[in-house]
Amino acid sequence: MKRIWLWIKNNKLATGLFAAMFFLLVNSYLNKLATPVLPRAGIGTNLEKVGSSSLSLNSLTREETAPSTSEKRLVIETSNLSLVVKNVQEVSRQIIKKSKELGGFMVENSLTKPEESPFGTVIVRVPDEKTDEALDYFRSLALKISSEKILGQDVTDQYEDIGERLATLEKTKVKFEEILVKAEKINDILQVQKELISLQRQIDNLKGRQEYLEKSAALTKITVYLSSDELALPYQPEGVFRPQVIFKQAVRSFLKTLRVLAGLLIWLGVYLPVWGGILLIIFIVKWLKKKRSSV
């Protein structure tokens with residue numbers, strides 16, 4: 001240890017260069033680890049494509065509309081389940097198969113396999129009238145239900161407001177079409193056609209929103225989180241002491257640390273020509289100085 005400290009004291013320049021190089025390598029490597037990996041977009045259905053566009057439900061719920069007194073309500077239901085299962089992959093297949101049998105479809109299916117604790121997420125849509133049957137079946141596949149959440153959002157006000165706006169635009173479009181028939185000047189004709197195109201674009205947009213609400217209400221979205229380890233699920237029980245789980249977490253942390261160290265060694269190996277060249281130059285300079293002093 002004294003020799004190392006003495007070498008550092010006598011070679012401050014080399015120590016500074018090595019410290020700077022090491023800092024850059026570690027910083028670059030940690031930044032790479034911290035970069036989030038965006039999930040791949042799966043093959044969605046028309047309903048999901050509409051939902052991910054500007055016609056999203058969140059944008060609709062922000063609109064100011066008058067309260068509706070209609071007896072027929074339009075409600076969009078979503079359900080979330082966290083299930084502890086024996087075989088994540090097999091249960092995910094059964095969930096997708098049952099959803100198709102009920103007239104629904106799979107929206108997303110992902111599976112990750114961390115050390116000894118596979119975790120999966122399955123998102124399906126099923127007809128609204130089949131929701132209870134689907135949920136009962138999904139629950140029957142679990143060894144334990146960690147959490148369950150069912151939400152309903154009433155969008156009747158937004159739906160009726162869209163209908164009223166559509167009616168107004170349709171009437172306005174008819175008026176402009178009547179004006180177009182009577183128009184004689186080219187400028188007037190072009191101006192009216194421009195207004196008609198704008199009106200048609202607004203009508204198509206509102207019809208798309210209306211269709212999205214109808215399909216969302218007709219098909220319930222169910223998200224199922226699957227894992228063989230309860231602590232890997234979005235919901236984690238409180239006040240539970242599980243030594244075997246703590247041991248697994250410690251092992252995973254140790255393996256992760258080994259991967260980080262191995263990654264650093266690889267980076268150091270790749271940059272060997274750089275810091276090796278610097279070390280070689282410093283050695284040559286010191287050798288030349290020593291030779292001159294001896295002469």
# chains A, B, ... in the order shown; residues from 1 in each chain; ligands from 1

call {"tool": "select_by_dssp", "arguments": {"residues": "segment 68-236 of chain A", "states": "strand (DSSP E or B)", "output": "ChimeraX atom specification"}}
result
/A:75-84,105-112,119-127,144-154,219-227

call {"tool": "write_last_selection", "arguments": {"atoms": "N, CA and C atoms", "output": "compact mmCIF listing (two decimals), in the first residue's frame"}}
result
# COMPACT_ATOMS: atom_id res chain seq x y z
N VAL A 75 -70.47 3.53 -20.73
CA VAL A 75 -69.43 3.39 -19.71
C VAL A 75 -68.27 2.56 -20.27
N ILE A 76 -67.06 3.07 -20.11
CA ILE A 76 -65.86 2.35 -20.53
C ILE A 76 -65.26 1.69 -19.30
N GLU A 77 -65.13 0.36 -19.35
CA GLU A 77 -64.61 -0.39 -18.22
C GLU A 77 -63.19 -0.87 -18.47
N THR A 78 -62.36 -0.79 -17.45
CA THR A 78 -61.01 -1.35 -17.49
C THR A 78 -60.76 -2.12 -16.20
N SER A 79 -60.04 -3.22 -16.31
CA SER A 79 -59.77 -4.07 -15.15
C SER A 79 -58.28 -4.41 -15.09
N ASN A 80 -57.74 -4.45 -13.87
CA ASN A 80 -56.35 -4.83 -13.65
C ASN A 80 -56.29 -5.96 -12.62
N LEU A 81 -55.56 -7.01 -12.93
CA LEU A 81 -55.40 -8.14 -12.02
C LEU A 81 -53.92 -8.43 -11.84
N SER A 82 -53.52 -8.72 -10.60
CA SER A 82 -52.17 -9.19 -10.31
C SER A 82 -52.29 -10.60 -9.73
N LEU A 83 -51.77 -11.58 -10.47
CA LEU A 83 -51.97 -12.98 -10.11
C LEU A 83 -50.64 -13.69 -9.87
N VAL A 84 -50.59 -14.47 -8.80
CA VAL A 84 -49.45 -15.35 -8.56
C VAL A 84 -49.79 -16.70 -9.18
N PHE A 105 -59.95 -10.32 -28.16
CA PHE A 105 -58.67 -10.45 -28.84
C PHE A 105 -57.55 -9.98 -27.91
N MET A 106 -56.33 -10.38 -28.28
CA MET A 106 -55.15 -10.01 -27.51
C MET A 106 -54.60 -8.67 -28.00
N VAL A 107 -54.30 -7.78 -27.06
CA VAL A 107 -53.72 -6.48 -27.39
C VAL A 107 -52.21 -6.49 -27.20
N GLU A 108 -51.76 -7.09 -26.11
CA GLU A 108 -50.33 -7.13 -25.82
C GLU A 108 -50.01 -8.36 -24.98
N ASN A 109 -48.86 -8.96 -25.25
CA ASN A 109 -48.41 -10.10 -24.46
C ASN A 109 -46.89 -10.03 -24.35
N SER A 110 -46.39 -9.82 -23.14
CA SER A 110 -44.95 -9.70 -22.93
C SER A 110 -44.53 -10.61 -21.79
N LEU A 111 -43.33 -11.17 -21.90
CA LEU A 111 -42.81 -12.08 -20.88
C LEU A 111 -41.33 -11.81 -20.68
N THR A 112 -40.94 -11.59 -19.43
CA THR A 112 -39.54 -11.41 -19.09
C THR A 112 -39.15 -12.49 -18.11
N PHE A 119 -41.88 -12.92 -15.14
CA PHE A 119 -42.96 -11.93 -14.99
C PHE A 119 -43.58 -11.69 -16.36
N GLY A 120 -44.89 -11.66 -16.42
CA GLY A 120 -45.58 -11.45 -17.69
C GLY A 120 -46.71 -10.45 -17.56
N THR A 121 -47.00 -9.79 -18.67
CA THR A 121 -48.12 -8.86 -18.75
C THR A 121 -48.96 -9.22 -19.97
N VAL A 122 -50.24 -9.46 -19.73
CA VAL A 122 -51.16 -9.80 -20.82
C VAL A 122 -52.30 -8.79 -20.81
N ILE A 123 -52.51 -8.16 -21.96
CA ILE A 123 -53.61 -7.20 -22.11
C ILE A 123 -54.55 -7.73 -23.17
N VAL A 124 -55.81 -7.88 -22.81
CA VAL A 124 -56.82 -8.39 -23.74
C VAL A 124 -58.05 -7.48 -23.71
N ARG A 125 -58.86 -7.61 -24.73
CA ARG A 125 -60.17 -6.96 -24.77
C ARG A 125 -61.22 -8.04 -25.00
N VAL A 126 -62.28 -7.97 -24.21
CA VAL A 126 -63.39 -8.92 -24.34
C VAL A 126 -64.69 -8.14 -24.40
N PRO A 127 -65.72 -8.70 -25.04
CA PRO A 127 -67.02 -8.02 -25.07
C PRO A 127 -67.50 -7.68 -23.67
N LYS A 144 -52.84 -17.38 -6.20
CA LYS A 144 -53.22 -16.33 -5.28
C LYS A 144 -53.49 -15.06 -6.06
N ILE A 145 -54.50 -14.31 -5.67
CA ILE A 145 -54.81 -13.01 -6.28
C ILE A 145 -54.21 -11.92 -5.40
N SER A 146 -53.15 -11.27 -5.90
CA SER A 146 -52.49 -10.24 -5.09
C SER A 146 -53.29 -8.95 -5.05
N SER A 147 -53.87 -8.57 -6.18
CA SER A 147 -54.67 -7.35 -6.21
C SER A 147 -55.62 -7.39 -7.39
N GLU A 148 -56.68 -6.63 -7.27
CA GLU A 148 -57.68 -6.55 -8.34
C GLU A 148 -58.30 -5.16 -8.33
N LYS A 149 -58.41 -4.58 -9.50
CA LYS A 149 -58.97 -3.24 -9.60
C LYS A 149 -59.85 -3.16 -10.84
N ILE A 150 -61.09 -2.74 -10.66
CA ILE A 150 -62.05 -2.59 -11.75
C ILE A 150 -62.52 -1.14 -11.78
N LEU A 151 -62.36 -0.50 -12.93
CA LEU A 151 -62.74 0.91 -13.07
C LEU A 151 -63.79 1.06 -14.16
N GLY A 152 -64.67 2.01 -13.94
CA GLY A 152 -65.67 2.35 -14.94
C GLY A 152 -65.71 3.86 -15.15
N GLN A 153 -65.70 4.29 -16.40
CA GLN A 153 -65.71 5.72 -16.71
C GLN A 153 -66.91 6.04 -17.59
N ASP A 154 -67.77 6.88 -17.09
CA ASP A 154 -68.98 7.27 -17.82
C ASP A 154 -68.63 8.36 -18.83
N LEU A 219 -66.03 -3.09 -25.64
CA LEU A 219 -64.97 -4.04 -25.36
C LEU A 219 -64.21 -3.62 -24.10
N THR A 220 -64.28 -4.43 -23.07
CA THR A 220 -63.59 -4.12 -21.82
C THR A 220 -62.10 -4.48 -21.94
N LYS A 221 -61.26 -3.57 -21.49
CA LYS A 221 -59.82 -3.81 -21.51
C LYS A 221 -59.39 -4.41 -20.17
N ILE A 222 -58.77 -5.58 -20.23
CA ILE A 222 -58.32 -6.29 -19.02
C ILE A 222 -56.81 -6.46 -19.08
N THR A 223 -56.12 -5.95 -18.06
CA THR A 223 -54.67 -6.10 -17.95
C THR A 223 -54.37 -7.07 -16.82
N VAL A 224 -53.63 -8.13 -17.14
CA VAL A 224 -53.31 -9.17 -16.16
C VAL A 224 -51.79 -9.23 -15.98
N TYR A 225 -51.34 -9.02 -14.74
CA TYR A 225 -49.92 -9.15 -14.40
C TYR A 225 -49.70 -10.52 -13.79
N LEU A 226 -48.71 -11.24 -14.31
CA LEU A 226 -48.48 -12.62 -13.88
C LEU A 226 -47.05 -12.79 -13.37
N SER A 227 -46.90 -13.53 -12.30
CA SER A 227 -45.56 -13.86 -11.80
C SER A 227 -45.66 -15.04 -10.83

call {"tool": "select_by_dssp", "arguments": {"residues": "segment 139-236 of chain A", "states": "alpha helix (DSSP H)", "output": "NGL selection string"}}
result
:A and (139-140 or 156-182 or 186-218)

call {"tool": "atom_distance", "arguments": {"atom1": "atom CA of Leu190 of chain A", "atom2": "atom CA of Ala167 of chain A"}}
result
24.5 Å

call {"tool": "atom_distance", "arguments": {"atom1": "atom CA of Pro118 of chain A", "atom2": "atom CA of Ser140 of chain A"}}
result
19.6 Å

call {"tool": "atom_distance", "arguments": {"atom1": "atom CA of Ser228 of chain A", "atom2": "atom CA of Val88 of chain A"}}
result
6.9 Å

call {"tool": "residues_around", "arguments": {"residues": "Tyr137 of chain A", "least_positions_apart": "3", "cutoff": "10 Å", "atoms": "only C-alpha atoms", "output": "VMD selection string"}}
result
chain A and resid 94 to 95 98 to 99 131 to 134 140 to 142

call {"tool": "closest_residue", "arguments": {"among": "A:Lys113, A:Glu90, A:Lys286, A:Arg73", "to": "Asp229 of chain A", "atoms": "only C-alpha atoms"}}
result
A:Lys113

call {"tool": "decode", "arguments": {"residues": "segment 139-243 of chain A", "atoms": "C-alpha atoms", "output": "short mmCIF file (atom, residue, chain, number, x, y, z; two decimals), in the first residue's frame"}}
result
data_model
loop_
_atom_site.label_atom_id
_atom_site.label_comp_id
_atom_site.auth_asym_id
_atom_site.auth_seq_id
_atom_site.Cartn_x
_atom_site.Cartn_y
_atom_site.Cartn_z
CA ARG A 139 -58.95 -15.72 -11.25
CA SER A 140 -59.29 -19.50 -11.40
CA LEU A 141 -55.84 -19.75 -13.02
CA ALA A 142 -54.10 -18.13 -10.05
CA LEU A 143 -52.56 -19.65 -6.97
CA LYS A 144 -53.22 -16.33 -5.28
CA ILE A 145 -54.81 -13.01 -6.28
CA SER A 146 -52.49 -10.24 -5.09
CA SER A 147 -54.67 -7.35 -6.21
CA GLU A 148 -57.68 -6.55 -8.34
CA LYS A 149 -58.97 -3.24 -9.60
CA ILE A 150 -62.05 -2.59 -11.75
CA LEU A 151 -62.74 0.91 -13.07
CA GLY A 152 -65.67 2.35 -14.94
CA GLN A 153 -65.71 5.72 -16.71
CA ASP A 154 -68.98 7.27 -17.82
CA VAL A 155 -68.48 9.01 -21.19
CA THR A 156 -72.15 9.58 -21.99
CA ASP A 157 -71.73 13.37 -21.80
CA GLN A 158 -68.85 13.37 -24.27
CA TYR A 159 -70.67 11.01 -26.63
CA GLU A 160 -73.85 13.10 -26.71
CA ASP A 161 -71.86 16.32 -27.10
CA ILE A 162 -70.11 14.85 -30.13
CA GLY A 163 -73.49 13.89 -31.60
CA GLU A 164 -74.79 17.46 -31.20
CA ARG A 165 -71.67 18.93 -32.80
CA LEU A 166 -71.97 16.47 -35.68
CA ALA A 167 -75.57 17.49 -36.30
CA THR A 168 -74.57 21.18 -36.38
CA LEU A 169 -71.71 20.53 -38.81
CA GLU A 170 -73.93 18.42 -41.07
CA LYS A 171 -76.49 21.23 -41.28
CA THR A 172 -73.74 23.76 -42.02
CA LYS A 173 -72.38 21.50 -44.73
CA VAL A 174 -75.80 21.30 -46.40
CA LYS A 175 -76.01 25.11 -46.43
CA PHE A 176 -72.63 25.44 -48.08
CA GLU A 177 -73.56 22.81 -50.66
CA GLU A 178 -76.63 24.89 -51.55
CA ILE A 179 -74.43 27.97 -51.87
CA LEU A 180 -72.01 26.04 -54.10
CA VAL A 181 -74.81 25.14 -56.51
CA LYS A 182 -75.79 28.81 -56.86
CA ALA A 183 -72.23 30.20 -57.00
CA GLU A 184 -71.08 31.52 -60.38
CA LYS A 185 -67.75 33.25 -59.77
CA ILE A 186 -64.65 31.07 -59.65
CA ASN A 187 -63.38 32.71 -56.45
CA ASP A 188 -66.71 32.08 -54.73
CA ILE A 189 -66.70 28.45 -55.86
CA LEU A 190 -63.14 27.90 -54.60
CA GLN A 191 -63.90 29.55 -51.27
CA VAL A 192 -67.01 27.43 -50.72
CA GLN A 193 -65.16 24.25 -51.66
CA LYS A 194 -62.45 25.14 -49.16
CA GLU A 195 -65.05 25.52 -46.42
CA LEU A 196 -66.68 22.24 -47.40
CA ILE A 197 -63.33 20.40 -47.15
CA SER A 198 -62.75 21.90 -43.71
CA LEU A 199 -66.24 20.89 -42.56
CA GLN A 200 -65.82 17.35 -43.87
CA ARG A 201 -62.50 17.02 -42.04
CA GLN A 202 -64.15 18.06 -38.77
CA ILE A 203 -67.05 15.67 -39.35
CA ASP A 204 -64.69 12.75 -40.01
CA ASN A 205 -62.71 13.59 -36.88
CA LEU A 206 -65.81 13.65 -34.68
CA LYS A 207 -67.13 10.43 -36.20
CA GLY A 208 -63.79 8.81 -35.40
CA ARG A 209 -64.08 9.94 -31.78
CA GLN A 210 -67.63 8.69 -31.60
CA GLU A 211 -66.63 5.30 -33.00
CA TYR A 212 -63.75 5.06 -30.54
CA LEU A 213 -66.07 5.65 -27.58
CA GLU A 214 -68.56 3.09 -28.88
CA LYS A 215 -65.92 0.39 -29.37
CA SER A 216 -64.20 1.17 -26.06
CA ALA A 217 -67.52 0.78 -24.23
CA ALA A 218 -68.34 -2.41 -26.12
CA LEU A 219 -64.97 -4.04 -25.36
CA THR A 220 -63.59 -4.12 -21.82
CA LYS A 221 -59.82 -3.81 -21.51
CA ILE A 222 -58.32 -6.29 -19.02
CA THR A 223 -54.67 -6.10 -17.95
CA VAL A 224 -53.31 -9.17 -16.16
CA TYR A 225 -49.92 -9.15 -14.40
CA LEU A 226 -48.48 -12.62 -13.88
CA SER A 227 -45.56 -13.86 -11.80
CA SER A 228 -44.51 -16.86 -9.74
CA ASP A 229 -43.17 -14.43 -7.10
CA GLU A 230 -45.71 -12.14 -5.44
CA LEU A 231 -43.11 -9.44 -4.77
CA ALA A 232 -42.44 -9.16 -8.52
CA LEU A 233 -46.03 -8.01 -9.14
CA PRO A 234 -47.10 -4.32 -9.18
CA TYR A 235 -48.78 -4.89 -5.81
CA GLN A 236 -46.52 -5.94 -2.94
CA PRO A 237 -47.88 -7.15 0.41
CA GLU A 238 -46.90 -5.13 3.46
CA GLY A 239 -45.38 -6.50 6.65
CA VAL A 240 -44.46 -9.89 5.22
CA PHE A 241 -41.08 -11.39 6.15
CA ARG A 242 -39.99 -13.94 3.56
CA PRO A 243 -36.37 -15.08 3.98
#
